[in-house]
file data26.csv (CSV, C-alpha atoms and all ligand atoms)
chain,number,residue,atom,x,y,z
A,26,MET,CA,-30.3,-9.3,14.1
A,27,GLY,CA,-31.3,-12.1,16.4
A,28,GLU,CA,-29.7,-15.5,16.6
A,29,ARG,CA,-32.4,-17.0,14.5
A,30,ASP,CA,-32.0,-14.5,11.7
A,31,ARG,CA,-28.3,-15.1,11.8
A,32,ALA,CA,-28.8,-18.8,11.5
A,33,GLU,CA,-31.2,-18.4,8.6
A,34,ARG,CA,-29.2,-15.8,6.6
A,35,ASP,CA,-27.7,-17.2,3.4
A,36,TRP,CA,-24.1,-16.2,4.2
A,37,ALA,CA,-22.6,-18.7,1.7
A,38,SER,CA,-24.0,-17.1,-1.4
A,39,LEU,CA,-23.1,-13.5,-0.5
A,40,GLY,CA,-21.4,-11.8,-3.5
A,41,PHE,CA,-19.0,-8.9,-3.3
A,42,ARG,CA,-21.8,-6.3,-3.0
A,43,TYR,CA,-22.6,-3.5,-0.6
A,44,GLN,CA,-25.0,-4.8,2.1
A,45,PRO,CA,-25.5,-2.0,4.7
A,46,THR,CA,-24.8,-2.7,8.3
A,47,PRO,CA,-26.3,-0.6,11.2
A,48,TRP,CA,-23.2,1.3,12.2
A,49,ARG,CA,-20.3,3.3,10.7
A,50,PHE,CA,-17.6,5.5,12.3
A,51,GLN,CA,-16.9,9.1,11.4
A,52,ALA,CA,-14.3,11.7,12.3
A,53,VAL,CA,-13.7,15.1,11.0
A,54,TRP,CA,-10.4,17.1,10.4
A,55,ARG,CA,-10.7,20.8,10.9
A,56,ASP,CA,-8.2,23.6,11.9
A,57,GLY,CA,-5.4,21.1,11.8
A,58,ALA,CA,-6.8,18.5,14.2
A,59,TRP,CA,-9.0,15.4,14.1
A,60,SER,CA,-12.2,15.2,16.1
A,61,PRO,CA,-12.4,12.2,18.4
A,62,GLY,CA,-15.0,10.7,16.1
A,63,GLY,CA,-17.7,8.2,16.9
A,64,LEU,CA,-20.3,5.8,15.6
A,65,THR,CA,-23.3,6.9,13.6
A,66,ALA,CA,-26.3,5.1,12.1
A,67,GLU,CA,-26.6,7.6,9.2
A,68,PRO,CA,-25.5,5.8,6.0
A,69,THR,CA,-25.4,8.9,3.9
A,70,ILE,CA,-22.7,11.6,3.8
A,71,THR,CA,-23.5,15.3,3.3
A,72,LEU,CA,-20.7,17.2,1.5
A,73,GLU,CA,-20.2,20.8,0.3
A,74,GLU,CA,-20.7,21.0,-3.5
A,75,GLY,CA,-17.1,22.3,-3.7
A,76,ALA,CA,-15.5,19.4,-1.9
A,77,THR,CA,-12.2,18.5,-3.5
A,78,ALA,CA,-13.1,14.8,-3.3
A,79,LEU,CA,-15.9,15.4,-5.7
A,80,HIS,CA,-14.1,17.6,-8.2
A,81,TYR,CA,-10.4,16.7,-8.1
A,82,GLY,CA,-10.5,13.1,-6.8
A,83,GLN,CA,-8.8,14.2,-3.6
A,84,GLN,CA,-9.7,11.1,-1.7
A,85,CYS,CA,-8.3,7.7,-0.8
A,86,PHE,CA,-9.6,4.5,0.7
A,87,GLU,CA,-8.7,1.1,2.2
A,88,GLY,CA,-10.1,-2.4,2.3
A,89,LEU,CA,-9.6,-5.1,4.9
A,90,LYS,CA,-11.6,-8.0,6.3
A,91,ALA,CA,-12.8,-9.2,9.7
A,92,PHE,CA,-13.3,-13.0,10.1
A,93,ALA,CA,-15.2,-15.0,12.7
A,94,GLY,CA,-13.1,-17.8,14.2
A,95,PRO,CA,-14.1,-21.3,15.4
A,96,ASP,CA,-13.6,-19.9,19.0
A,97,GLY,CA,-16.3,-17.3,18.3
A,98,ALA,CA,-13.7,-14.4,18.3
A,99,VAL,CA,-13.7,-11.9,15.5
A,100,ARG,CA,-10.3,-11.1,14.0
A,101,LEU,CA,-9.0,-8.4,11.7
A,102,PHE,CA,-6.0,-9.2,9.4
A,103,ARG,CA,-3.0,-6.9,9.6
A,104,PRO,CA,-5.0,-3.6,10.1
A,105,ASP,CA,-1.8,-1.8,10.9
A,106,ARG,CA,-0.7,-2.3,7.3
A,107,ASN,CA,-3.8,-0.6,6.0
A,108,ALA,CA,-3.4,2.3,8.5
A,109,ALA,CA,0.2,2.8,7.1
A,110,ARG,CA,-0.9,2.5,3.5
A,111,MET,CA,-3.8,5.0,4.0
A,112,ALA,CA,-1.3,7.4,5.6
A,113,ALA,CA,1.0,7.0,2.6
A,114,SER,CA,-1.9,7.7,0.2
A,115,ALA,CA,-2.9,10.8,2.2
A,116,ARG,CA,0.6,12.2,2.0
A,117,ARG,CA,0.7,11.7,-1.8
A,118,ILE,CA,-2.5,13.6,-2.4
A,119,LEU,CA,-2.0,16.2,0.4
A,120,LEU,CA,-4.8,15.0,2.7
A,121,PRO,CA,-4.3,15.0,6.4
A,122,GLU,CA,-3.0,11.6,7.6
A,123,VAL,CA,-5.3,9.6,9.8
A,124,PRO,CA,-3.1,8.7,12.8
A,125,GLU,CA,-2.7,4.9,13.3
A,126,ALA,CA,-4.5,5.0,16.6
A,127,LEU,CA,-7.5,6.7,15.2
A,128,PHE,CA,-7.6,4.4,12.2
A,129,LEU,CA,-7.4,1.3,14.4
A,130,ARG,CA,-10.0,2.6,16.9
A,131,ALA,CA,-12.4,3.4,14.0
A,132,VAL,CA,-12.0,0.0,12.3
A,133,THR,CA,-12.3,-1.9,15.6
A,134,ALA,CA,-15.3,0.2,16.8
A,135,CYS,CA,-17.1,-0.3,13.5
A,136,VAL,CA,-16.6,-4.1,13.4
A,137,ASP,CA,-17.5,-4.4,17.1
A,138,ALA,CA,-20.8,-2.4,16.6
A,139,ASN,CA,-21.7,-4.6,13.6
A,140,ARG,CA,-20.6,-7.9,15.1
A,141,GLU,CA,-23.9,-9.6,14.3
A,142,HIS,CA,-23.2,-9.0,10.6
A,143,VAL,CA,-19.8,-10.8,10.7
A,144,PRO,CA,-20.5,-14.0,8.7
A,145,PRO,CA,-20.2,-17.1,10.8
A,146,HIS,CA,-17.1,-19.2,10.8
A,147,GLY,CA,-17.3,-21.9,8.1
A,148,SER,CA,-19.5,-19.8,5.8
A,149,GLY,CA,-16.6,-18.8,3.6
A,150,ALA,CA,-17.7,-15.1,3.9
A,151,ALA,CA,-16.2,-12.2,5.8
A,152,LEU,CA,-17.0,-8.7,7.0
A,153,TYR,CA,-15.4,-6.3,4.6
A,154,VAL,CA,-14.3,-3.0,6.1
A,155,ARG,CA,-14.0,0.1,4.0
A,156,PRO,CA,-12.1,3.1,5.4
A,157,LEU,CA,-12.6,6.3,3.4
A,158,LEU,CA,-10.8,9.6,3.6
A,159,LEU,CA,-12.4,12.6,1.7
A,160,GLY,CA,-11.2,16.1,1.0
A,161,THR,CA,-14.2,18.3,2.0
A,162,GLY,CA,-15.0,22.0,2.6
A,163,ASP,CA,-16.0,24.9,0.3
A,164,ASN,CA,-13.5,25.2,-2.5
A,165,LEU,CA,-13.3,25.9,-6.2
A,166,GLY,CA,-9.7,26.2,-7.4
A,167,LEU,CA,-7.3,23.3,-7.5
A,168,ARG,CA,-5.9,23.3,-4.0
A,169,PRO,CA,-5.8,20.9,-1.1
A,170,ALA,CA,-9.1,20.6,0.9
A,171,PRO,CA,-9.5,22.9,4.0
A,172,THR,CA,-11.2,20.1,5.9
A,173,ALA,CA,-11.5,16.3,5.6
A,174,LEU,CA,-13.8,13.5,6.6
A,175,PHE,CA,-12.7,10.0,7.6
A,176,ARG,CA,-15.4,7.3,7.6
A,177,VAL,CA,-15.4,3.6,8.1
A,178,PHE,CA,-18.2,1.3,7.1
A,179,CYS,CA,-18.6,-2.5,6.8
A,180,SER,CA,-20.4,-4.9,4.6
A,181,PRO,CA,-20.6,-8.7,4.8
A,182,VAL,CA,-19.2,-10.1,1.5
A,183,GLY,CA,-18.5,-13.4,-0.2
A,184,PRO,CA,-15.5,-14.0,-2.5
A,185,TYR,CA,-14.8,-11.3,-5.2
A,186,PHE,CA,-14.4,-13.8,-8.0
A,187,LYS,CA,-17.6,-15.8,-7.8
A,188,ALA,CA,-16.2,-19.2,-8.2
A,189,GLY,CA,-13.7,-19.0,-5.3
A,190,LEU,CA,-10.7,-21.2,-6.1
A,191,ALA,CA,-12.0,-21.8,-9.6
A,192,PRO,CA,-9.5,-20.4,-12.1
A,193,ILE,CA,-10.1,-17.1,-14.0
A,194,ARG,CA,-8.8,-15.8,-17.3
A,195,LEU,CA,-7.0,-12.5,-17.6
A,196,TRP,CA,-6.8,-10.2,-20.7
A,197,VAL,CA,-3.7,-8.0,-21.1
A,198,THR,CA,-5.1,-4.6,-21.7
A,199,ALA,CA,-3.4,-2.0,-23.8
A,200,ARG,CA,-4.6,0.7,-21.4
A,201,ASP,CA,-2.6,1.9,-18.4
A,202,ARG,CA,-3.9,2.0,-14.9
A,203,ALA,CA,-1.3,4.5,-13.7
A,204,ALA,CA,1.5,6.8,-15.0
A,205,PRO,CA,5.2,6.0,-14.4
A,206,ASN,CA,5.6,8.7,-11.7
A,207,GLY,CA,1.9,8.9,-10.8
A,208,THR,CA,-0.3,7.5,-8.1
A,209,GLY,CA,-0.4,3.8,-9.0
A,210,ALA,CA,1.3,2.8,-5.7
A,211,PHE,CA,-1.4,4.6,-3.7
A,212,LYS,CA,-5.0,3.6,-3.0
A,213,VAL,CA,-6.7,6.7,-4.5
A,214,GLY,CA,-10.0,6.6,-6.3
A,215,GLY,CA,-8.8,8.0,-9.6
A,216,ASN,CA,-6.7,4.9,-10.3
A,217,TYR,CA,-9.9,2.9,-10.2
A,218,ALA,CA,-12.2,5.2,-12.2
A,219,GLY,CA,-9.7,4.9,-15.1
A,220,GLY,CA,-9.7,1.1,-14.8
A,221,LEU,CA,-13.4,0.6,-15.2
A,222,LEU,CA,-13.2,0.7,-19.0
A,223,ALA,CA,-10.3,-1.7,-19.2
A,224,SER,CA,-12.3,-4.2,-17.1
A,225,ARG,CA,-15.4,-3.7,-19.2
A,226,GLU,CA,-13.4,-4.3,-22.4
A,227,ALA,CA,-11.8,-7.4,-21.0
A,228,LYS,CA,-15.2,-8.8,-20.0
A,229,ASP,CA,-16.7,-7.8,-23.4
A,230,LEU,CA,-14.0,-9.9,-25.1
A,231,GLY,CA,-14.9,-12.9,-22.9
A,232,TRP,CA,-12.2,-12.7,-20.2
A,233,ASP,CA,-12.8,-12.3,-16.5
A,234,GLU,CA,-10.5,-9.3,-15.7
A,235,ALA,CA,-7.9,-6.9,-17.1
A,236,LEU,CA,-4.2,-7.4,-16.5
A,237,TYR,CA,-2.0,-4.3,-16.7
A,238,LEU,CA,1.5,-4.1,-18.0
A,239,ASP,CA,4.1,-1.5,-16.8
A,240,PRO,CA,3.1,1.9,-18.2
A,241,ARG,CA,6.7,2.8,-19.3
A,242,GLU,CA,7.5,-0.1,-21.6
A,243,HIS,CA,4.4,-2.3,-21.7
A,244,ARG,CA,6.7,-5.2,-21.3
A,245,PHE,CA,6.5,-6.3,-17.7
A,246,LEU,CA,3.5,-7.5,-15.6
A,247,ASP,CA,2.1,-4.9,-13.3
A,248,GLU,CA,-1.1,-6.1,-11.6
A,249,ALA,CA,-4.8,-6.9,-12.2
A,250,GLY,CA,-7.5,-4.3,-11.5
A,251,SER,CA,-7.8,-4.9,-7.8
A,252,ALA,CA,-5.2,-7.6,-7.0
A,253,ASN,CA,-1.5,-8.2,-7.3
A,254,VAL,CA,-0.2,-11.2,-9.3
A,255,PHE,CA,2.3,-13.9,-8.6
A,256,GLY,CA,3.7,-16.7,-10.7
A,257,VAL,CA,5.2,-20.1,-9.8
A,258,LEU,CA,8.4,-21.0,-11.8
A,259,PRO,CA,10.2,-24.3,-11.9
A,260,PRO,CA,13.3,-24.7,-9.7
A,261,ALA,CA,16.4,-22.7,-10.7
A,262,ARG,CA,18.5,-25.8,-10.3
A,263,PRO,CA,17.8,-29.5,-10.3
A,264,GLY,CA,16.4,-30.6,-7.0
A,265,GLY,CA,15.8,-27.0,-5.8
A,266,PRO,CA,12.5,-25.6,-4.7
A,267,GLU,CA,10.0,-24.0,-7.0
A,268,ARG,CA,10.1,-20.2,-7.1
A,269,LEU,CA,7.4,-17.7,-6.4
A,270,VAL,CA,7.8,-14.5,-8.4
A,271,THR,CA,5.9,-11.3,-8.1
A,272,PRO,CA,6.4,-8.0,-9.9
A,273,SER,CA,8.3,-5.2,-8.3
A,274,SER,CA,7.0,-2.1,-9.8
A,275,PRO,CA,6.5,1.5,-8.7
A,276,THR,CA,3.1,1.6,-10.3
A,277,ILE,CA,1.3,-1.2,-8.4
A,278,LEU,CA,-0.4,-1.1,-5.1
A,279,PRO,CA,1.7,-2.7,-2.4
A,280,SER,CA,-0.7,-5.4,-1.4
A,281,VAL,CA,-1.0,-6.5,2.3
A,282,THR,CA,-2.0,-9.9,1.1
A,283,MET,CA,0.9,-10.3,-1.3
A,284,ASP,CA,3.3,-9.3,1.4
A,285,SER,CA,1.8,-12.1,3.6
A,286,VAL,CA,1.8,-14.6,0.7
A,287,LEU,CA,5.6,-13.9,0.1
A,288,THR,CA,6.3,-14.6,3.8
A,289,LEU,CA,4.1,-17.8,3.8
A,290,ALA,CA,5.7,-19.0,0.6
A,291,ARG,CA,9.2,-18.6,1.9
A,292,GLU,CA,8.8,-19.6,5.6
A,293,ASP,CA,6.0,-22.2,5.5
A,294,LEU,CA,6.2,-23.7,2.0
A,295,GLY,CA,10.0,-23.5,1.5
A,296,LEU,CA,9.8,-21.8,-1.9
A,297,GLU,CA,12.3,-19.4,-3.2
A,298,VAL,CA,10.8,-15.9,-3.5
A,299,GLU,CA,11.7,-13.3,-6.0
A,300,ARG,CA,10.4,-9.7,-6.3
A,301,ARG,CA,11.6,-8.2,-9.5
A,302,PRO,CA,10.3,-7.0,-12.9
A,303,VAL,CA,8.5,-10.0,-14.6
A,304,PRO,CA,8.3,-9.8,-18.4
A,305,LEU,CA,5.0,-10.9,-19.9
A,306,THR,CA,6.8,-13.5,-22.0
A,307,GLU,CA,7.9,-15.2,-18.7
A,308,VAL,CA,4.3,-16.3,-18.2
A,309,GLY,CA,5.1,-18.9,-20.8
A,310,ASP,CA,7.6,-20.5,-18.3
A,311,MET,CA,5.2,-20.4,-15.4
A,312,LEU,CA,3.6,-23.5,-13.8
A,313,GLU,CA,1.0,-21.3,-12.0
A,314,LEU,CA,-0.2,-17.8,-12.0
A,315,GLY,CA,-2.4,-16.3,-9.4
A,316,CYS,CA,-4.1,-13.0,-8.2
A,317,THR,CA,-4.0,-12.1,-4.6
A,318,GLY,CA,-5.6,-9.4,-2.5
A,319,THR,CA,-8.1,-8.8,0.3
A,320,ALA,CA,-11.0,-9.3,-2.1
A,321,ALA,CA,-9.4,-11.9,-4.4
A,322,VAL,CA,-7.8,-13.9,-1.6
A,323,ILE,CA,-5.9,-16.4,-3.8
A,324,THR,CA,-7.5,-16.7,-7.2
A,325,PRO,CA,-5.7,-19.0,-9.7
A,326,VAL,CA,-5.3,-17.9,-13.3
A,327,ALA,CA,-5.8,-20.5,-16.1
A,328,GLU,CA,-5.0,-18.3,-19.1
A,329,VAL,CA,-3.6,-14.9,-20.0
A,330,GLY,CA,-4.7,-13.5,-23.4
A,331,HIS,CA,-3.0,-10.7,-25.2
A,332,ALA,CA,-3.0,-9.0,-28.6
A,333,GLY,CA,-0.4,-11.6,-29.9
A,334,GLY,CA,-2.0,-14.8,-28.5
A,335,ALA,CA,-2.5,-16.5,-25.2
A,336,PHE,CA,-0.6,-18.3,-22.5
A,337,ARG,CA,-2.2,-21.3,-20.8
A,338,LEU,CA,-1.0,-22.2,-17.3
A,339,PRO,CA,-0.3,-25.9,-16.8
A,340,ARG,CA,-1.6,-26.0,-13.2
A,341,ALA,CA,-4.8,-24.0,-12.4
A,342,PRO,CA,-5.4,-24.3,-9.5
A,343,GLY,CA,-2.0,-25.7,-8.7
A,344,PRO,CA,-0.5,-27.0,-5.5
A,345,VAL,CA,1.1,-23.7,-4.6
A,346,ALA,CA,-2.1,-21.7,-5.0
A,347,LEU,CA,-4.0,-24.4,-2.9
A,348,ALA,CA,-1.4,-24.5,-0.2
A,349,LEU,CA,-1.2,-20.6,0.0
A,350,HIS,CA,-5.0,-20.4,0.1
A,351,GLY,CA,-5.2,-23.0,2.9
A,352,ARG,CA,-2.5,-21.3,5.0
A,353,LEU,CA,-3.7,-17.8,4.5
A,354,THR,CA,-7.4,-18.4,5.2
A,355,ALA,CA,-6.6,-20.6,8.2
A,356,LEU,CA,-4.6,-17.8,9.7
A,357,GLN,CA,-7.2,-15.1,8.9
A,358,ARG,CA,-10.0,-17.2,10.3
A,359,GLY,CA,-8.2,-18.0,13.5
A,360,GLU,CA,-8.0,-21.7,12.7
A,361,ALA,CA,-4.2,-21.9,12.8
A,362,PRO,CA,-1.6,-20.5,15.2
A,363,ASP,CA,-0.5,-16.9,14.4
A,364,PRO,CA,3.2,-16.8,15.3
A,365,ARG,CA,3.7,-13.5,13.5
A,366,GLY,CA,0.9,-11.7,15.3
A,367,TRP,CA,-0.9,-10.7,12.1
A,368,THR,CA,-4.4,-11.0,13.4
A,369,VAL,CA,-6.0,-8.6,15.9
A,370,ARG,CA,-9.0,-9.7,18.0
A,371,VAL,CA,-11.9,-7.3,18.1
B,401,LIG,C1,-5.1,-2.2,-7.4
B,401,LIG,C2,-5.0,-3.1,-6.2
B,401,LIG,N1,-3.9,-3.9,-6.2
B,401,LIG,C3,-3.8,-4.8,-5.2
B,401,LIG,C4,-4.8,-5.0,-4.2
B,401,LIG,C5,-4.6,-5.9,-3.1
B,401,LIG,O1,-4.2,-5.3,-1.9
B,401,LIG,P1,-4.5,-5.9,-0.5
B,401,LIG,O2,-3.9,-7.2,-0.4
B,401,LIG,O3,-3.9,-5.0,0.5
B,401,LIG,O4,-6.0,-5.9,-0.4
B,401,LIG,C6,-5.9,-4.1,-4.2
B,401,LIG,C7,-7.0,-4.2,-3.2
B,401,LIG,O5,-6.9,-3.7,-2.2
B,401,LIG,C8,-6.0,-3.2,-5.3
B,401,LIG,O6,-7.0,-2.4,-5.3
call {"tool": "encode", "arguments": {"input": "data26.csv", "output": "structure tokens", "more": "lines below"}}
Ligand SMILES: Cc1ncc(COP(=O)(O)O)c(C=O)c1O
result
Amino acid sequence: MGERDRAERDWASLGFRYQPTPWRFQAVWRDGAWSPGGLTAEPTITLEEGATALHYGQQCFEGLKAFAGPDGAVRLFRPDRNAARMAASARRILLPEVPEALFLRAVTACVDANREHVPPHGSGAALYVRPLLLGTGDNLGLRPAPTALFRVFCSPVGPYFKAGLAPIRLWVTARDRAAPNGTGAFKVGGNYAGGLLASREAKDLGWDEALYLDPREHRFLDEAGSANVFGVLPPARPGGPERLVTPSSPTILPSVTMDSVLTLAREDLGLEVERRPVPLTEVGDMLELGCTGTAAVITPVAEVGHAGGAFRLPRAPGPVALALHGRLTALQRGEAPDPRGWTVRV
């Protein structure tokens, strides 16, 4: 893509859709070792019809973003966290781990090769990076794959929820995303296939997205379909700081963005931070509720509907969501100093 095409491309109205870029990275695991891997222009994958990824869902994936900065540099946000999480997912479903060095080399090579497709600074868009680990090889019975394929591809994207910082409305689904001792804390495809219907039902009822409760008691907040949630509570004592609370639950995906938000809330905004089970009824005490994740960034929630009624949040978007959004995106886009070394230049 030439400079002129870049200048003319409508980056600002990109949705969260797949837009192919010229290059992807691929490595293969066979006989107990990873191939060095390399870039390929081929956008399709050829698999054995017996591949365990196709039959038994033996696959996992990741999602992270690269951002263009005002200085022209391209930065990835905390890719080491995604490498660690993919390794944890692989261990849970008996796929070979992708070593951190291979993961980081693949992600960096893919972003570098597709540099012209990184949306320009100021567009509000980013280059989404999707690492994928598949169980492959001839197989029929339920057993771990004899070989595996690791692929990374990229796509320029806009915000996941169209309206950006405009608030959304969540519907508490009666369905479960994950079982109590199942795979909810891992980024495996099966968790998501099972959630498609809950999302569709929420939308059919006029809400934006489904909100899951804990699968054991259906009493505590878990997470939204592709984002963690956090609430803002009034100070615990007069004159104290407001509190940012997020569910601790064995069935939610440990979000890289939520982890970053907790640090920013505590260290930069001076809030008290609590990670604990959060009963649905406590939403009634909250000043703000938000979703956070790579795709959702910070998305304020205006209302939570459930079978017994609805909670309306008094501040949507509120000052905490706005401040977190400002801090997080400034860091990711290289507009603010990065004292914690979260960004990695490509
Ligand atoms: C189920 C689920 N929860 C939370 C998140 C947010 O995680 P992260 O901040 O690492 O993108 C995602 C998206 O990756 C997700 O799919």
call {"tool": "residues_around", "arguments": {"input": "data26.csv", "residues": "Gly97 in chain A", "least_positions_apart": "6", "cutoff": "10 Å", "atoms": "only C-alpha atoms", "output": "VMD selection string"}}
result
chain A and resid 145 to 146 359
call {"tool": "residues_near_ligand", "arguments": {"input": "data26.csv", "ligand": "ligand LIG 401 (chain B)", "cutoff": "6 Å", "atoms": "all atoms listed in the file", "output": "compact mmCIF listing (two decimals) with C-alpha atoms, in the frame of the given file"}}
result
# COMPACT_ATOMS: atom_id res chain seq x y z
CA GLY A 88 -10.10 -2.40 2.30
CA GLY A 250 -7.50 -4.30 -11.50
CA SER A 251 -7.80 -4.90 -7.80
CA ALA A 252 -5.20 -7.60 -7.00
CA ASN A 253 -1.50 -8.20 -7.30
CA LEU A 278 -0.40 -1.10 -5.10
CA SER A 280 -0.70 -5.40 -1.40
CA VAL A 281 -1.00 -6.50 2.30
CA THR A 282 -2.00 -9.90 1.10
CA MET A 283 0.90 -10.30 -1.30
CA GLY A 318 -5.60 -9.40 -2.50
CA THR A 319 -8.10 -8.80 0.30
call {"tool": "atom_distance", "arguments": {"input": "data26.csv", "atom1": "CA of Ala134 in chain A", "atom2": "CA of Arg370 in chain A"}}
result
11.8 Å
call {"tool": "residues_around", "arguments": {"input": "data26.csv", "residues": "Ala66 in chain A", "least_positions_apart": "4", "cutoff": "8 Å", "atoms": "all atoms listed in the file", "output": "short mmCIF file (atom, residue, chain, number, x, y, z; two decimals) with C-alpha atoms, in the coordinates of the input"}}
result
data_model
loop_
_atom_site.label_atom_id
_atom_site.label_comp_id
_atom_site.auth_asym_id
_atom_site.auth_seq_id
_atom_site.Cartn_x
_atom_site.Cartn_y
_atom_site.Cartn_z
CA PRO A 47 -26.30 -0.60 11.20
CA TRP A 48 -23.20 1.30 12.20
CA ARG A 49 -20.30 3.30 10.70
#
call {"tool": "residues_around", "arguments": {"input": "data26.csv", "residues": "Arg116 in chain A", "least_positions_apart": "2", "cutoff": "12 Å", "atoms": "all atoms listed in the file", "output": "list in words"}}
result
Gln83, Gln84, Cys85, Ala109, Arg110, Met111, Ala112, Ala113, Ser114, Ile118, Leu119, Leu120, Pro121, Glu122, Val123, Pro124, Leu158, Pro169, Thr208, Phe211, Lys212 and Val213 of chain A
call {"tool": "write_last_selection", "arguments": {"input": "data26.csv", "atoms": "C-alpha atoms", "output": "PDB file, keeping the file's coordinate frame"}}
result
ATOM      1  CA  GLN A  83      -8.800  14.200  -3.600  1.00  0.00           C
ATOM      2  CA  GLN A  84      -9.700  11.100  -1.700  1.00  0.00           C
ATOM      3  CA  CYS A  85      -8.300   7.700  -0.800  1.00  0.00           C
ATOM      4  CA  ALA A 109       0.200   2.800   7.100  1.00  0.00           C
ATOM      5  CA  ARG A 110      -0.900   2.500   3.500  1.00  0.00           C
ATOM      6  CA  MET A 111      -3.800   5.000   4.000  1.00  0.00           C
ATOM      7  CA  ALA A 112      -1.300   7.400   5.600  1.00  0.00           C
ATOM      8  CA  ALA A 113       1.000   7.000   2.600  1.00  0.00           C
ATOM      9  CA  SER A 114      -1.900   7.700   0.200  1.00  0.00           C
ATOM     10  CA  ILE A 118      -2.500  13.600  -2.400  1.00  0.00           C
ATOM     11  CA  LEU A 119      -2.000  16.200   0.400  1.00  0.00           C
ATOM     12  CA  LEU A 120      -4.800  15.000   2.700  1.00  0.00           C
ATOM     13  CA  PRO A 121      -4.300  15.000   6.400  1.00  0.00           C
ATOM     14  CA  GLU A 122      -3.000  11.600   7.600  1.00  0.00           C
ATOM     15  CA  VAL A 123      -5.300   9.600   9.800  1.00  0.00           C
ATOM     16  CA  PRO A 124      -3.100   8.700  12.800  1.00  0.00           C
ATOM     17  CA  LEU A 158     -10.800   9.600   3.600  1.00  0.00           C
ATOM     18  CA  PRO A 169      -5.800  20.900  -1.100  1.00  0.00           C
ATOM     19  CA  THR A 208      -0.300   7.500  -8.100  1.00  0.00           C
ATOM     20  CA  PHE A 211      -1.400   4.600  -3.700  1.00  0.00           C
ATOM     21  CA  LYS A 212      -5.000   3.600  -3.000  1.00  0.00           C
ATOM     22  CA  VAL A 213      -6.700   6.700  -4.500  1.00  0.00           C
TER      23      VAL A 213
END
call {"tool": "closest_residue", "arguments": {"input": "data26.csv", "among": "A:Trp196, A:Phe336, A:Trp367, A:Phe86", "to": "Asp105 in chain A", "atoms": "all atoms listed in the file"}}
result
A:Trp367
call {"tool": "atom_distance", "arguments": {"input": "data26.csv", "atom1": "CA of Tyr237 in chain A", "atom2": "CA of Gly220 in chain A"}}
result
9.6 Å
call {"tool": "residues_around", "arguments": {"input": "data26.csv", "residues": "Val286 in chain A", "least_positions_apart": "3", "cutoff": "9 Å", "atoms": "only C-alpha atoms", "output": "compact mmCIF listing (two decimals) with C-alpha atoms, keeping the file's coordinate frame"}}
result
# COMPACT_ATOMS: atom_id res chain seq x y z
CA VAL A 281 -1.00 -6.50 2.30
CA THR A 282 -2.00 -9.90 1.10
CA MET A 283 0.90 -10.30 -1.30
CA LEU A 289 4.10 -17.80 3.80
CA ALA A 290 5.70 -19.00 0.60
CA ARG A 291 9.20 -18.60 1.90
CA THR A 317 -4.00 -12.10 -4.60
CA LEU A 349 -1.20 -20.60 0.00
CA HIS A 350 -5.00 -20.40 0.10
CA LEU A 353 -3.70 -17.80 4.50
call {"tool": "residues_around", "arguments": {"input": "data26.csv", "residues": "Ala93 in chain A", "least_positions_apart": "5", "cutoff": "9 Å", "atoms": "only C-alpha atoms", "output": "ChimeraX atom specification"}}
result
/A:98-100,143-147,151-152,357-359
call {"tool": "closest_residue", "arguments": {"input": "data26.csv", "among": "A:Arg301, A:Arg268, A:Arg194, A:Arg225", "to": "Phe245 in chain A", "atoms": "only C-alpha atoms"}}
result
A:Arg301
call {"tool": "closest_residue", "arguments": {"input": "data26.csv", "among": "A:Ala131, A:Val298, A:Ala332, A:Leu167", "to": "Leu230 in chain A", "atoms": "only C-alpha atoms"}}
result
A:Ala332
call {"tool": "closest_residue", "arguments": {"input": "data26.csv", "among": "A:Val371, A:Ala210, A:Leu129, A:Leu195", "to": "Glu328 in chain A", "atoms": "only C-alpha atoms"}}
result
A:Leu195
call {"tool": "atom_distance", "arguments": {"input": "data26.csv", "atom1": "CA of Leu79 in chain A", "atom2": "CA of Leu174 in chain A"}}
result
12.6 Å
call {"tool": "closest_residue", "arguments": {"input": "data26.csv", "among": "A:Thr77, A:Ser274, A:Ser224, A:Gln51", "to": "Asp163 in chain A", "atoms": "all atoms listed in the file"}}
result
A:Thr77
call {"tool": "closest_residue", "arguments": {"input": "data26.csv", "among": "A:Val182, A:Val329, A:Leu238, A:Val132", "to": "Thr276 in chain A", "atoms": "only C-alpha atoms"}}
result
A:Leu238
call {"tool": "residues_near_point", "arguments": {"input": "data26.csv", "point": "(7.4, -15.6, -9.6)", "cutoff": "12 Å", "atoms": "all atoms listed in the file", "output": "PyMOL selection string"}}
result
chain A and resi 246+253-261+267-273+283+286-287+290+296-305+307-316+345
call {"tool": "decode", "arguments": {"input": "data26.csv", "residues": "range 294-305 of chain A", "atoms": "C-alpha atoms", "output": "short mmCIF file (atom, residue, chain, number, x, y, z; two decimals), in the first residue's frame"}}
result
data_model
loop_
_atom_site.label_atom_id
_atom_site.label_comp_id
_atom_site.auth_asym_id
_atom_site.auth_seq_id
_atom_site.Cartn_x
_atom_site.Cartn_y
_atom_site.Cartn_z
CA LEU A 294 -5.95 7.33 39.92
CA GLY A 295 -5.49 6.59 43.63
CA LEU A 296 -8.55 4.33 43.82
CA GLU A 297 -8.87 1.41 46.20
CA VAL A 298 -8.85 -1.80 44.22
CA GLU A 299 -10.70 -4.99 45.16
CA ARG A 300 -10.60 -8.34 43.38
CA ARG A 301 -13.23 -10.59 44.97
CA PRO A 302 -16.54 -12.29 44.24
CA VAL A 303 -19.04 -9.56 43.29
CA PRO A 304 -22.74 -10.41 43.80
CA LEU A 305 -25.06 -9.30 41.00
#
